[in-house]
file model_32.cif (mmCIF, C-alpha atoms)
data_query
loop_
_atom_site.label_atom_id
_atom_site.label_comp_id
_atom_site.auth_asym_id
_atom_site.auth_seq_id
_atom_site.Cartn_x
_atom_site.Cartn_y
_atom_site.Cartn_z
CA MET Y 1 0.00 0.00 0.00
CA THR Y 2 1.38 3.45 -0.86
CA ALA Y 3 1.88 6.20 1.70
CA GLU Y 4 -0.96 8.13 0.12
CA ALA Y 5 -3.33 5.17 0.24
CA ARG Y 6 -2.41 4.44 3.83
CA SER Y 7 -2.91 8.02 4.92
CA ALA Y 8 -6.19 8.23 3.03
CA ALA Y 9 -7.44 5.39 5.23
CA GLU Y 10 -7.19 7.64 8.28
CA PRO Y 11 -10.07 10.10 8.04
CA GLY Y 12 -10.56 12.88 10.54
CA PHE Y 13 -6.92 13.81 11.04
CA PRO Y 14 -5.57 17.17 9.91
CA LEU Y 15 -3.81 16.95 6.59
CA VAL Y 16 -0.04 17.51 6.27
CA ALA Y 17 1.49 17.86 2.80
CA VAL Y 18 5.13 16.94 2.29
CA VAL Y 19 6.58 18.49 -0.88
CA SER Y 20 9.98 16.91 -1.31
CA SER Y 21 12.61 15.53 -3.64
CA TYR Y 22 13.40 12.93 -1.00
CA PRO Y 23 10.63 10.33 -0.56
CA LEU Y 24 12.29 9.18 2.65
CA LEU Y 25 11.54 12.58 4.20
CA ALA Y 26 7.83 11.88 3.71
CA GLU Y 27 8.35 8.45 5.27
CA ALA Y 28 10.02 10.03 8.30
CA VAL Y 29 7.30 12.68 8.65
CA GLU Y 30 4.58 10.06 8.29
CA GLY Y 31 6.19 7.99 11.02
CA ALA Y 32 6.59 11.01 13.28
CA LEU Y 33 2.98 12.15 12.85
CA GLU Y 34 1.36 8.75 13.17
CA GLY Y 35 -1.87 9.15 15.15
CA ILE Y 36 -1.64 12.94 14.84
CA ALA Y 37 -2.07 13.79 11.18
CA GLU Y 38 -2.71 12.37 7.75
CA VAL Y 39 0.42 12.78 5.64
CA ARG Y 40 0.47 13.01 1.86
CA ALA Y 41 3.64 13.20 -0.18
CA PHE Y 42 4.13 15.18 -3.39
CA PRO Y 43 7.21 15.46 -5.57
CA ALA Y 44 9.03 18.79 -5.50
CA GLY Y 45 9.91 20.83 -8.55
CA GLN Y 46 6.57 20.64 -10.34
CA GLY Y 47 6.17 24.42 -10.43
CA ASP Y 48 2.60 24.55 -9.12
CA THR Y 49 3.11 24.16 -5.39
CA ALA Y 50 1.13 27.20 -4.25
CA ASP Y 51 -1.82 26.33 -6.50
CA PHE Y 52 -2.15 22.70 -5.49
CA LEU Y 53 -1.75 23.58 -1.82
CA ARG Y 54 -4.69 25.99 -2.21
CA LEU Y 55 -6.70 23.10 -3.63
CA LEU Y 56 -5.55 20.62 -1.01
CA GLN Y 57 -5.85 23.02 1.98
CA PRO Y 58 -3.48 21.14 4.32
CA ALA Y 59 -3.13 22.24 7.92
CA ALA Y 60 0.63 22.07 7.60
CA VAL Y 61 3.24 21.79 4.89
CA VAL Y 62 6.75 20.33 5.04
CA VAL Y 63 9.20 21.19 2.25
CA ASP Y 64 12.88 20.45 1.67
CA SER Y 65 14.08 23.26 -0.57
CA ALA Y 66 14.21 27.03 -0.44
CA GLU Y 67 12.31 27.26 -3.73
CA GLU Y 68 9.43 25.13 -2.49
CA ALA Y 69 9.49 26.99 0.83
CA GLU Y 70 9.02 30.27 -1.00
CA ALA Y 71 6.17 28.88 -3.08
CA ALA Y 72 4.48 27.21 -0.11
CA ALA Y 73 4.85 30.38 2.02
CA GLU Y 74 2.29 32.13 -0.22
CA PHE Y 75 -0.29 29.52 0.69
CA ALA Y 76 0.78 29.27 4.35
CA ARG Y 77 0.36 33.01 4.88
CA GLU Y 78 -3.07 33.03 3.22
CA ALA Y 79 -4.34 29.93 5.03
CA ARG Y 80 -2.46 30.46 8.31
CA ALA Y 81 -1.05 26.99 7.83
CA THR Y 82 2.16 25.78 9.47
CA LEU Y 83 5.11 25.59 7.12
CA VAL Y 84 8.30 23.72 8.00
CA HIS Y 85 11.37 23.94 5.78
CA VAL Y 86 13.73 21.04 6.38
CA SER Y 87 17.20 21.53 4.95
CA LEU Y 88 18.43 17.96 4.77
CA ARG Y 89 21.95 18.75 3.61
CA GLU Y 90 22.54 21.34 6.32
CA ASP Y 91 20.53 19.36 8.87
CA ARG Y 92 18.50 22.47 9.79
CA LEU Y 93 14.86 23.39 10.31
CA ARG Y 94 13.02 26.66 9.97
CA LEU Y 95 9.39 27.38 10.66
CA LEU Y 96 7.08 29.97 9.13
CA HIS Y 97 5.28 31.36 12.13
CA ALA Y 98 2.98 34.40 12.09
CA GLY Y 99 4.17 35.19 8.59
CA ARG Y 100 7.88 35.17 9.51
CA TRP Y 101 10.59 32.54 9.24
CA GLN Y 102 12.09 31.33 12.49
CA ASN Y 103 15.27 29.28 12.47
CA LEU Y 104 15.05 26.35 14.85
CA SER Y 105 18.78 26.23 15.33
CA ASP Y 106 19.19 24.17 18.49
CA GLY Y 107 19.81 20.57 17.54
CA SER Y 108 19.49 18.76 14.27
CA ALA Y 109 16.54 18.34 11.93
CA SER Y 110 14.95 15.34 13.56
CA PRO Y 111 11.51 13.83 12.94
CA GLU Y 112 10.64 14.63 16.56
CA ARG Y 113 11.32 18.33 16.02
CA ILE Y 114 9.25 18.30 12.86
CA ARG Y 115 6.45 16.64 14.81
CA SER Y 116 6.64 19.27 17.55
CA ALA Y 117 6.57 22.12 15.07
CA VAL Y 118 3.74 20.67 13.01
CA ALA Y 119 1.66 19.58 16.00
CA ALA Y 120 2.01 22.96 17.70
CA GLY Y 121 1.08 24.72 14.48
CA ILE Y 122 -1.98 22.53 13.95
CA TYR Y 123 -3.08 23.07 17.54
CA LEU Y 124 -2.69 26.86 17.36
CA ARG Y 125 -4.50 26.94 14.02
CA GLY Y 126 -7.38 25.03 15.62
CA VAL Y 127 -7.47 27.45 18.55
CA ARG Y 128 -7.52 30.45 16.23
CA THR Y 129 -10.25 29.15 13.91
CA MET C 1 21.47 -1.54 9.07
CA VAL C 2 21.18 2.14 8.23
CA ALA C 3 24.20 4.23 9.21
CA ASP C 4 23.55 7.92 8.73
CA SER C 5 24.15 10.99 10.86
CA GLY C 6 20.83 12.44 9.69
CA PRO C 7 17.96 11.29 11.94
CA ILE C 8 15.44 12.00 9.20
CA PHE C 9 16.97 9.51 6.78
CA ARG C 10 17.32 6.91 9.51
CA ALA C 11 13.71 7.42 10.51
CA GLY C 12 12.58 7.32 6.88
CA VAL C 13 14.29 4.00 6.25
CA ARG C 14 13.07 2.60 9.57
CA HIS C 15 9.48 3.61 8.86
CA LEU C 16 9.59 2.33 5.29
CA LEU C 17 11.17 -1.03 6.05
CA GLY C 18 9.11 -1.43 9.20
CA ARG C 19 6.14 -2.19 6.96
CA GLU C 20 8.00 -5.03 5.27
CA SER C 21 7.94 -8.35 7.04
CA ASP C 22 11.35 -9.45 5.76
CA PHE C 23 13.38 -6.53 7.16
CA GLU C 24 14.67 -5.75 10.63
CA VAL C 25 16.35 -2.35 10.93
CA PHE C 26 19.27 -1.33 13.11
CA GLU C 27 20.57 2.24 13.21
CA ALA C 28 23.90 4.00 13.65
CA ASP C 29 24.73 7.69 13.59
CA ALA C 30 28.51 7.27 13.38
CA VAL C 31 31.21 4.75 12.50
CA PRO C 32 31.81 3.43 16.06
CA VAL C 33 28.13 2.50 16.46
CA LEU C 34 28.11 0.97 12.98
CA SER C 35 31.16 -1.09 13.82
CA GLN C 36 29.69 -2.29 17.09
CA THR C 37 26.37 -3.22 15.49
CA LEU C 38 28.07 -5.11 12.68
CA ALA C 39 29.95 -7.12 15.29
CA GLU C 40 26.97 -7.80 17.51
CA ARG C 41 24.06 -8.16 15.08
CA THR C 42 25.72 -9.15 11.78
CA PRO C 43 23.11 -7.50 9.53
CA ASP C 44 22.82 -8.71 5.93
CA ILE C 45 23.08 -5.20 4.48
CA ALA C 46 24.51 -1.91 5.72
CA LEU C 47 23.34 1.27 4.03
CA ILE C 48 26.11 3.73 4.86
CA ASP C 49 26.08 7.51 4.38
CA LEU C 50 28.92 8.85 2.27
CA GLU C 51 29.47 11.51 4.96
CA LEU C 52 29.10 9.27 7.99
CA PRO C 53 31.03 10.81 10.90
CA PRO C 54 33.80 10.91 11.80
CA SER C 55 35.77 9.77 8.77
CA GLY C 56 33.19 9.29 6.00
CA GLY C 57 31.50 6.28 4.48
CA VAL C 58 34.31 5.27 2.13
CA ALA C 59 36.82 5.01 4.97
CA ALA C 60 34.24 3.13 7.03
CA VAL C 61 33.69 0.59 4.25
CA ALA C 62 37.43 0.22 3.67
CA GLY C 63 37.92 -0.55 7.34
CA LEU C 64 34.89 -2.74 7.95
CA ALA C 65 34.21 -4.60 4.69
CA PRO C 66 37.19 -6.97 5.11
CA LEU C 67 36.00 -7.87 8.62
CA TYR C 68 32.32 -8.64 8.05
CA GLU C 69 30.15 -10.47 5.54
CA THR C 70 27.58 -7.67 5.64
CA GLN C 71 26.93 -6.28 2.15
CA MET C 72 27.81 -2.59 2.34
CA ILE C 73 26.05 -0.03 0.18
CA LEU C 74 26.96 3.64 0.25
CA TRP C 75 24.42 6.37 -0.28
CA GLY C 76 24.60 10.13 -0.49
CA PHE C 77 23.13 13.37 -1.78
CA GLU C 78 25.51 13.33 -4.69
CA ALA C 79 27.53 10.62 -6.35
CA PRO C 80 30.96 12.10 -7.07
CA LYS C 81 32.76 9.85 -9.56
CA ASN C 82 35.88 9.49 -7.45
CA SER C 83 33.89 8.73 -4.31
CA VAL C 84 31.88 6.03 -6.05
CA LEU C 85 35.01 4.45 -7.49
CA ALA C 86 36.74 4.66 -4.13
CA ALA C 87 33.72 3.13 -2.43
CA ILE C 88 33.57 0.19 -4.82
CA THR C 89 37.32 -0.31 -4.57
CA ALA C 90 37.01 -0.24 -0.79
CA GLY C 91 34.49 -3.06 -0.88
CA ALA C 92 31.07 -1.43 -1.26
CA LYS C 93 28.58 -3.38 -3.35
CA GLY C 94 26.88 -0.32 -4.78
CA PHE C 95 25.89 3.31 -4.44
CA LEU C 96 22.38 4.73 -4.04
CA PRO C 97 21.19 8.33 -4.23
CA LYS C 98 19.27 9.67 -1.25
CA GLU C 99 16.54 10.80 -3.64
CA ILE C 100 15.67 7.15 -4.16
CA SER C 101 11.99 6.24 -4.07
CA GLN C 102 10.52 3.93 -1.46
CA ALA C 103 9.96 1.18 -4.02
CA GLY C 104 13.44 1.73 -5.47
CA LEU C 105 15.10 1.35 -2.09
CA ILE C 106 13.22 -1.81 -1.21
CA ARG C 107 13.93 -3.29 -4.65
CA SER C 108 17.63 -2.40 -4.37
CA LEU C 109 18.00 -3.89 -0.91
CA ARG C 110 16.27 -7.12 -1.88
CA GLY C 111 18.49 -7.21 -4.97
CA VAL C 112 21.61 -6.95 -2.82
CA VAL C 113 20.53 -10.04 -0.92
CA ARG C 114 20.26 -11.84 -4.28
CA GLY C 115 23.78 -10.73 -5.17
CA GLU C 116 22.89 -7.74 -7.36
CA ALA C 117 24.88 -4.49 -7.22
CA PRO C 118 22.74 -1.37 -6.91
CA LEU C 119 24.10 1.28 -9.24
CA SER C 120 22.27 3.87 -11.32
CA ARG C 121 22.80 3.84 -15.09
CA GLY C 122 25.04 6.89 -14.81
CA LEU C 123 27.19 5.25 -12.17
CA ALA C 124 27.37 2.02 -14.14
CA THR C 125 28.88 4.06 -16.97
CA VAL C 126 31.39 5.56 -14.55
CA MET C 127 32.35 2.08 -13.42
CA ILE C 128 32.77 0.83 -16.99
CA ASP C 129 34.94 3.84 -17.82
CA ALA C 130 37.04 3.17 -14.74
CA VAL C 131 37.49 -0.50 -15.58
CA GLN C 132 38.44 0.38 -19.15
CA GLY C 133 40.86 2.98 -17.80
CA LEU C 134 42.45 0.34 -15.59
CA GLU C 135 42.76 -2.04 -18.54
CA GLU C 136 44.39 0.66 -20.65
CA ARG C 137 46.78 1.42 -17.82
CA ASP C 138 47.69 -2.26 -17.47
CA ARG C 139 48.32 -2.53 -21.22
CA ALA C 140 50.49 0.58 -21.12
CA ARG C 141 52.46 -0.79 -18.20
CA GLU C 142 53.03 -4.05 -20.03
CA ARG C 143 54.49 -2.09 -22.98
CA ALA C 144 56.58 0.03 -20.62
CA ALA C 145 58.17 -3.16 -19.26
CA ALA C 146 60.24 -3.27 -22.46
CA LEU C 147 62.12 -0.15 -21.36
CA SER C 148 65.33 -0.21 -19.36
CA THR C 149 65.48 1.48 -15.98
CA ARG C 150 67.38 4.42 -17.46
CA GLU C 151 64.90 4.76 -20.31
CA ARG C 152 62.05 4.82 -17.75
CA GLU C 153 63.84 7.60 -15.90
CA VAL C 154 64.26 9.59 -19.08
CA LEU C 155 60.62 9.04 -20.03
CA ALA C 156 59.42 10.19 -16.60
CA LEU C 157 61.29 13.45 -17.03
CA VAL C 158 59.97 13.86 -20.59
CA ALA C 159 56.44 13.46 -19.21
CA LYS C 160 57.17 16.32 -16.81
CA GLY C 161 58.12 18.52 -19.76
CA ALA C 162 61.90 18.49 -19.21
CA ARG C 163 64.17 19.37 -22.15
CA ASN C 164 67.13 17.17 -23.15
CA ARG C 165 69.63 19.42 -21.43
CA GLN C 166 67.64 19.35 -18.19
CA ILE C 167 67.30 15.57 -18.39
CA ALA C 168 71.05 15.24 -19.01
CA GLU C 169 71.82 17.39 -15.99
CA GLY C 170 69.26 15.61 -13.84
CA LEU C 171 70.61 12.15 -14.65
CA SER C 172 74.29 13.19 -14.97
CA ILE C 173 74.57 11.95 -18.55
CA SER C 174 75.33 13.68 -21.85
CA GLU C 175 72.70 15.23 -24.07
CA PHE C 176 73.78 12.84 -26.80
CA THR C 177 72.96 9.89 -24.51
CA VAL C 178 69.58 11.40 -23.71
CA LYS C 179 68.81 11.65 -27.45
CA ARG C 180 69.83 8.04 -27.94
CA HIS C 181 67.60 6.93 -25.03
CA MET C 182 64.75 8.95 -26.52
CA GLN C 183 65.15 7.24 -29.92
CA ASN C 184 65.11 3.83 -28.20
CA ILE C 185 62.01 4.75 -26.19
CA LEU C 186 60.07 5.83 -29.28
CA HIS C 187 61.18 2.72 -31.14
CA LYS C 188 60.32 0.26 -28.34
CA LEU C 189 56.94 1.81 -27.64
CA ASP C 190 56.18 2.41 -31.31
CA LEU C 191 55.37 6.05 -30.63
CA PRO C 192 55.68 8.89 -33.17
CA SER C 193 56.90 11.74 -31.00
CA ARG C 194 58.30 12.97 -27.73
CA ARG C 195 54.87 14.43 -26.89
CA ALA C 196 53.21 11.05 -27.47
CA ALA C 197 55.80 9.47 -25.19
CA GLY C 198 54.94 11.93 -22.43
CA LEU C 199 51.24 11.17 -22.80
CA PHE C 200 51.97 7.45 -22.79
CA TYR C 201 53.88 7.73 -19.53
CA ARG C 202 51.06 9.63 -17.86
CA SER C 203 48.46 7.10 -19.01
CA ALA C 204 50.58 4.26 -17.64
CA PHE C 205 51.69 5.74 -14.34
CA GLU C 206 49.81 8.92 -13.52
CA SER C 207 46.16 8.20 -14.32
CA ALA C 208 44.45 10.76 -12.04
CA GLY C 209 41.29 8.75 -11.42
CA VAL C 210 43.17 5.60 -10.58
CA VAL C 211 45.66 7.37 -8.33
CA GLU C 212 42.79 9.08 -6.54
CA MET C 213 40.91 5.79 -6.20
CA GLU C 214 43.89 3.89 -4.84
CA ARG C 215 44.77 6.65 -2.39
CA THR C 216 41.26 6.86 -1.03
CA ALA C 217 40.92 3.12 -0.78
#
call {"tool": "encode", "arguments": {"input": "model_32.cif", "output": "structure tokens"}}
result
Amino acid sequence: MTAEARSAAEPGFPLVAVVSSYPLLAEAVEGALEGIAEVRAFPAGQGDTADFLRLLQPAAVVVDSAEEAEAAAEFAREARATLVHVSLREDRLRLLHAGRWQNLSDGSASPERIRSAVAAGIYLRGVRT
Amino acid sequence: MVADSGPIFRAGVRHLLGRESDFEVFEADAVPVLSQTLAERTPDIALIDLELPPSGGVAAVAGLAPLYETQMILWGFEAPKNSVLAAITAGAKGFLPKEISQAGLIRSLRGVVRGEAPLSRGLATVMIDAVQGLEERDRARERAAALSTREREVLALVAKGARNRQIAEGLSISEFTVKRHMQNILHKLDLPSRRAAGLFYRSAFESAGVVEMERTA
């Protein structure tokens, strides 16, 4: 069963979109958010990230490149969605919070830190709406 | 066994293979943990990051492959030609890109168990080029065996761009003797010119890729 099919079998969870060139990032995020969110993976570099995120309306987005982060930020600001940029090569995370990027510089880019950032963002979004 | 300093890649592999009934995953974030796990758990396959701390994946494979039967595969963000060649020379069974799909990784790992070597088409070409380069070098060295020690010395200096007078001074012989050695070299190697002789020497003894590969290994 594919990641998408598996996640589709879990209705009721907030949706998290992973836009990445590295399918294993989506695997790691899916594992980290098990029981918290439904994770769907999309390949990076397709050029229509902002548009398909508007259609999909995820509660949070995880990307792995500066280009995708820029494209996804448009949607995240409009929808007040959480956006996490994971830089796999530099082993760094940054989070788009209240319209501004925050570097999460203490420690490496671990699945647990992604989970914390995404879960907090989803919770705050729920409180606000 | 997945050995990678990046927790995301370790978690990704663990989560992916956790769904497969025929895999059990161990993890290491550095060479000492990898070494210990190989000794204690003897995994069938080790997927090792090219940049695994502290000394890198190639050095890890060079040190560990002779000691264990575990099939070692390197992986990385990029596949630099010299690193791939060095990895294979060191004992790695293949090289995978970190962009690999879930299905691709599972297929590759199962293939390793069956004795297949995971290499992309591009890397397979690199390997073929390297093997052909080694064969050319061996052929050149066989031809060079016809030269005397003194002729080899002269040829080495020619390859460095030295003129006859410089060679004569360097070897404490006359320029006339250098010319005679040069004629013999061209005749024995069936080469048309001094320049061709210099190129021949470099192909036989200074092949950059091979030197790099042997040093790293």
call {"tool": "closest_residue", "arguments": {"input": "model_32.cif", "among": "C:Ile48, C:Met127, C:Leu186, C:Leu171", "to": "Lys98 of chain C", "atoms": "only C-alpha atoms"}}
result
C:Ile48
call {"tool": "closest_atom_pairs", "arguments": {"input": "model_32.cif", "of": "chain Y", "to": "chain C", "cutoff": "8 Å", "atoms": "only C-alpha atoms", "output": "JSON lines"}}
result
{"residue": "Y:Ser21", "atom": "CA", "partner": "C:Glu99", "partner_atom": "CA", "distance": 6.1}
{"residue": "Y:Tyr22", "atom": "CA", "partner": "C:Glu99", "partner_atom": "CA", "distance": 4.6}
{"residue": "Y:Pro23", "atom": "CA", "partner": "C:Ser101", "partner_atom": "CA", "distance": 5.6}
{"residue": "Y:Leu24", "atom": "CA", "partner": "C:Gly12", "partner_atom": "CA", "distance": 4.6}
{"residue": "Y:Leu25", "atom": "CA", "partner": "C:Gly12", "partner_atom": "CA", "distance": 6.0}
{"residue": "Y:Ala26", "atom": "CA", "partner": "C:Gly12", "partner_atom": "CA", "distance": 7.3}
{"residue": "Y:Glu27", "atom": "CA", "partner": "C:Gly12", "partner_atom": "CA", "distance": 4.7}
{"residue": "Y:Ala28", "atom": "CA", "partner": "C:Gly12", "partner_atom": "CA", "distance": 4.0}
{"residue": "Y:Val29", "atom": "CA", "partner": "C:Gly12", "partner_atom": "CA", "distance": 7.7}
{"residue": "Y:Gly31", "atom": "CA", "partner": "C:His15", "partner_atom": "CA", "distance": 5.9}
{"residue": "Y:Leu88", "atom": "CA", "partner": "C:Gly6", "partner_atom": "CA", "distance": 7.8}
{"residue": "Y:Arg89", "atom": "CA", "partner": "C:Phe77", "partner_atom": "CA", "distance": 7.7}
{"residue": "Y:Asp91", "atom": "CA", "partner": "C:Gly6", "partner_atom": "CA", "distance": 7.0}
{"residue": "Y:Ser108", "atom": "CA", "partner": "C:Gly6", "partner_atom": "CA", "distance": 7.9}
{"residue": "Y:Ala109", "atom": "CA", "partner": "C:Ile8", "partner_atom": "CA", "distance": 7.0}
{"residue": "Y:Ser110", "atom": "CA", "partner": "C:Pro7", "partner_atom": "CA", "distance": 5.3}
{"residue": "Y:Pro111", "atom": "CA", "partner": "C:Ile8", "partner_atom": "CA", "distance": 5.7}
call {"tool": "resolve_selection", "arguments": {"input": "model_32.cif", "expression": "the PyMOL selection byres ((chain Y and resi 16-18) around 6)", "output": "list in words"}}
result
Leu15, Val19, Ala26, Glu38, Val39, Arg40, Ala41, Pro58, Ala59, Ala60, Val61, Val62 and Val63 of chain Y
call {"tool": "resolve_selection", "arguments": {"input": "model_32.cif", "expression": "the PyMOL selection byres ((chain Y and resi 48-55) around 7)", "output": "PyMOL selection string"}}
result
chain Y and resi 46-47+56-58+71-72+74-75
call {"tool": "atom_distance", "arguments": {"input": "model_32.cif", "atom1": "atom CA of Ala37 of chain Y", "atom2": "atom CA of Glu68 of chain Y"}}
result
21.2 Å
call {"tool": "atom_distance", "arguments": {"input": "model_32.cif", "atom1": "atom CA of Ala98 of chain Y", "atom2": "atom CA of Leu124 of chain Y"}}
result
10.8 Å
call {"tool": "atom_distance", "arguments": {"input": "model_32.cif", "atom1": "atom CA of Ala66 of chain Y", "atom2": "atom CA of Pro80 of chain C"}}
result
23.4 Å
call {"tool": "resolve_selection", "arguments": {"input": "model_32.cif", "expression": "the PyMOL selection byres ((chain C and resi 90) around 8)", "output": "PyMOL selection string"}}
result
chain C and resi 58-59+61-62+65+86-89+91-92+217
call {"tool": "write_last_selection", "arguments": {"input": "model_32.cif", "atoms": "C-alpha atoms", "output": "PDB file, in the coordinates of the input"}}
result
ATOM      1  CA  VAL C  58      34.310   5.270   2.130  1.00  0.00           C
ATOM      2  CA  ALA C  59      36.820   5.010   4.970  1.00  0.00           C
ATOM      3  CA  VAL C  61      33.690   0.590   4.250  1.00  0.00           C
ATOM      4  CA  ALA C  62      37.430   0.220   3.670  1.00  0.00           C
ATOM      5  CA  ALA C  65      34.210  -4.600   4.690  1.00  0.00           C
ATOM      6  CA  ALA C  86      36.740   4.660  -4.130  1.00  0.00           C
ATOM      7  CA  ALA C  87      33.720   3.130  -2.430  1.00  0.00           C
ATOM      8  CA  ILE C  88      33.570   0.190  -4.820  1.00  0.00           C
ATOM      9  CA  THR C  89      37.320  -0.310  -4.570  1.00  0.00           C
ATOM     10  CA  GLY C  91      34.490  -3.060  -0.880  1.00  0.00           C
ATOM     11  CA  ALA C  92      31.070  -1.430  -1.260  1.00  0.00           C
ATOM     12  CA  ALA C 217      40.920   3.120  -0.780  1.00  0.00           C
TER      13      ALA C 217
END
call {"tool": "residues_around", "arguments": {"input": "model_32.cif", "residues": "Arg163 of chain C", "least_positions_apart": "2", "cutoff": "12 Å", "atoms": "all atoms listed in the file", "output": "ChimeraX atom specification"}}
result
/C:154-161,165-170,175,178-179,182,194-195,198
call {"tool": "residues_near_point", "arguments": {"input": "model_32.cif", "point": "(29.4, 4.8, -13.9)", "cutoff": "12 Å", "atoms": "only C-alpha atoms", "output": "PyMOL selection string"}}
result
chain C and resi 79-85+88+94-95+118-132
call {"tool": "closest_residue", "arguments": {"input": "model_32.cif", "among": "C:Val113, C:Leu189, C:Ala204, C:Ile45", "to": "Glu135 of chain C", "atoms": "all atoms listed in the file"}}
result
C:Ala204
call {"tool": "residues_around", "arguments": {"input": "model_32.cif", "residues": "Leu50 of chain C", "least_positions_apart": "5", "cutoff": "6 Å", "atoms": "only C-alpha atoms", "output": "ChimeraX atom specification"}}
result
/C:56-57,74-76
call {"tool": "residues_around", "arguments": {"input": "model_32.cif", "residues": "Arg100 of chain Y", "least_positions_apart": "3", "cutoff": "12 Å", "atoms": "only C-alpha atoms", "output": "list in words"}}
result
Glu70, Ala73, Glu74, Ala76, Arg77, Arg80, Thr82, Leu83, Val84, Arg94, Leu95, Leu96, His97 and Asn103 of chain Y
call {"tool": "closest_residue", "arguments": {"input": "model_32.cif", "among": "Y:Ser20, Y:Gly99, Y:Ala79, Y:Leu93", "to": "Ser65 of chain Y", "atoms": "only C-alpha atoms"}}
result
Y:Ser20
call {"tool": "residues_near_point", "arguments": {"input": "model_32.cif", "point": "(48.2, 6.3, -18.7)", "cutoff": "12 Å", "atoms": "only C-alpha atoms", "output": "NGL selection string"}}
result
:C and (132-144 or 159 or 196-211)
call {"tool": "write_last_selection", "arguments": {"input": "model_32.cif", "atoms": "C-alpha atoms", "output": "short mmCIF file (atom, residue, chain, number, x, y, z; two decimals), in the frame of the given file"}}
result
data_model
loop_
_atom_site.label_atom_id
_atom_site.label_comp_id
_atom_site.auth_asym_id
_atom_site.auth_seq_id
_atom_site.Cartn_x
_atom_site.Cartn_y
_atom_site.Cartn_z
CA GLN C 132 38.44 0.38 -19.15
CA GLY C 133 40.86 2.98 -17.80
CA LEU C 134 42.45 0.34 -15.59
CA GLU C 135 42.76 -2.04 -18.54
CA GLU C 136 44.39 0.66 -20.65
CA ARG C 137 46.78 1.42 -17.82
CA ASP C 138 47.69 -2.26 -17.47
CA ARG C 139 48.32 -2.53 -21.22
CA ALA C 140 50.49 0.58 -21.12
CA ARG C 141 52.46 -0.79 -18.20
CA GLU C 142 53.03 -4.05 -20.03
CA ARG C 143 54.49 -2.09 -22.98
CA ALA C 144 56.58 0.03 -20.62
CA ALA C 159 56.44 13.46 -19.21
CA ALA C 196 53.21 11.05 -27.47
CA ALA C 197 55.80 9.47 -25.19
CA GLY C 198 54.94 11.93 -22.43
CA LEU C 199 51.24 11.17 -22.80
CA PHE C 200 51.97 7.45 -22.79
CA TYR C 201 53.88 7.73 -19.53
CA ARG C 202 51.06 9.63 -17.86
CA SER C 203 48.46 7.10 -19.01
CA ALA C 204 50.58 4.26 -17.64
CA PHE C 205 51.69 5.74 -14.34
CA GLU C 206 49.81 8.92 -13.52
CA SER C 207 46.16 8.20 -14.32
CA ALA C 208 44.45 10.76 -12.04
CA GLY C 209 41.29 8.75 -11.42
CA VAL C 210 43.17 5.60 -10.58
CA VAL C 211 45.66 7.37 -8.33
#
call {"tool": "closest_residue", "arguments": {"input": "model_32.cif", "among": "C:Ala28, C:Ala162, C:Ala146, C:Val33", "to": "Asn184 of chain C", "atoms": "all atoms listed in the file"}}
result
C:Ala146
call {"tool": "build_atoms", "arguments": {"input": "model_32.cif", "residues": "segment 9-19 of chain C", "atoms": "N, CA and C atoms", "output": "PDB file, keeping the file's coordinate frame"}}
result
ATOM      1  N   PHE C   9      16.783  10.638   7.703  1.00  0.00           N
ATOM      2  CA  PHE C   9      16.970   9.510   6.780  1.00  0.00           C
ATOM      3  C   PHE C   9      16.898   8.179   7.522  1.00  0.00           C
ATOM      4  N   ARG C  10      17.435   8.157   8.733  1.00  0.00           N
ATOM      5  CA  ARG C  10      17.320   6.910   9.510  1.00  0.00           C
ATOM      6  C   ARG C  10      15.856   6.594   9.794  1.00  0.00           C
ATOM      7  N   ALA C  11      15.128   7.634  10.193  1.00  0.00           N
ATOM      8  CA  ALA C  11      13.710   7.420  10.510  1.00  0.00           C
ATOM      9  C   ALA C  11      12.926   7.029   9.253  1.00  0.00           C
ATOM     10  N   GLY C  12      13.270   7.647   8.133  1.00  0.00           N
ATOM     11  CA  GLY C  12      12.580   7.320   6.880  1.00  0.00           C
ATOM     12  C   GLY C  12      12.778   5.870   6.495  1.00  0.00           C
ATOM     13  N   VAL C  13      14.008   5.407   6.588  1.00  0.00           N
ATOM     14  CA  VAL C  13      14.290   4.000   6.250  1.00  0.00           C
ATOM     15  C   VAL C  13      13.607   3.070   7.250  1.00  0.00           C
ATOM     16  N   ARG C  14      13.679   3.446   8.528  1.00  0.00           N
ATOM     17  CA  ARG C  14      13.070   2.600   9.570  1.00  0.00           C
ATOM     18  C   ARG C  14      11.557   2.491   9.344  1.00  0.00           C
ATOM     19  N   HIS C  15      10.932   3.612   9.053  1.00  0.00           N
ATOM     20  CA  HIS C  15       9.480   3.610   8.860  1.00  0.00           C
ATOM     21  C   HIS C  15       9.093   2.824   7.616  1.00  0.00           C
ATOM     22  N   LEU C  16       9.880   3.032   6.550  1.00  0.00           N
ATOM     23  CA  LEU C  16       9.590   2.330   5.290  1.00  0.00           C
ATOM     24  C   LEU C  16       9.749   0.818   5.450  1.00  0.00           C
ATOM     25  N   LEU C  17      10.890   0.412   5.977  1.00  0.00           N
ATOM     26  CA  LEU C  17      11.170  -1.030   6.050  1.00  0.00           C
ATOM     27  C   LEU C  17      10.394  -1.702   7.185  1.00  0.00           C
ATOM     28  N   GLY C  18       9.919  -0.894   8.110  1.00  0.00           N
ATOM     29  CA  GLY C  18       9.110  -1.430   9.200  1.00  0.00           C
ATOM     30  C   GLY C  18       7.815  -2.049   8.699  1.00  0.00           C
ATOM     31  N   ARG C  19       7.377  -1.625   7.530  1.00  0.00           N
ATOM     32  CA  ARG C  19       6.140  -2.190   6.960  1.00  0.00           C
ATOM     33  C   ARG C  19       6.389  -3.507   6.245  1.00  0.00           C
TER      34      ARG C  19
END
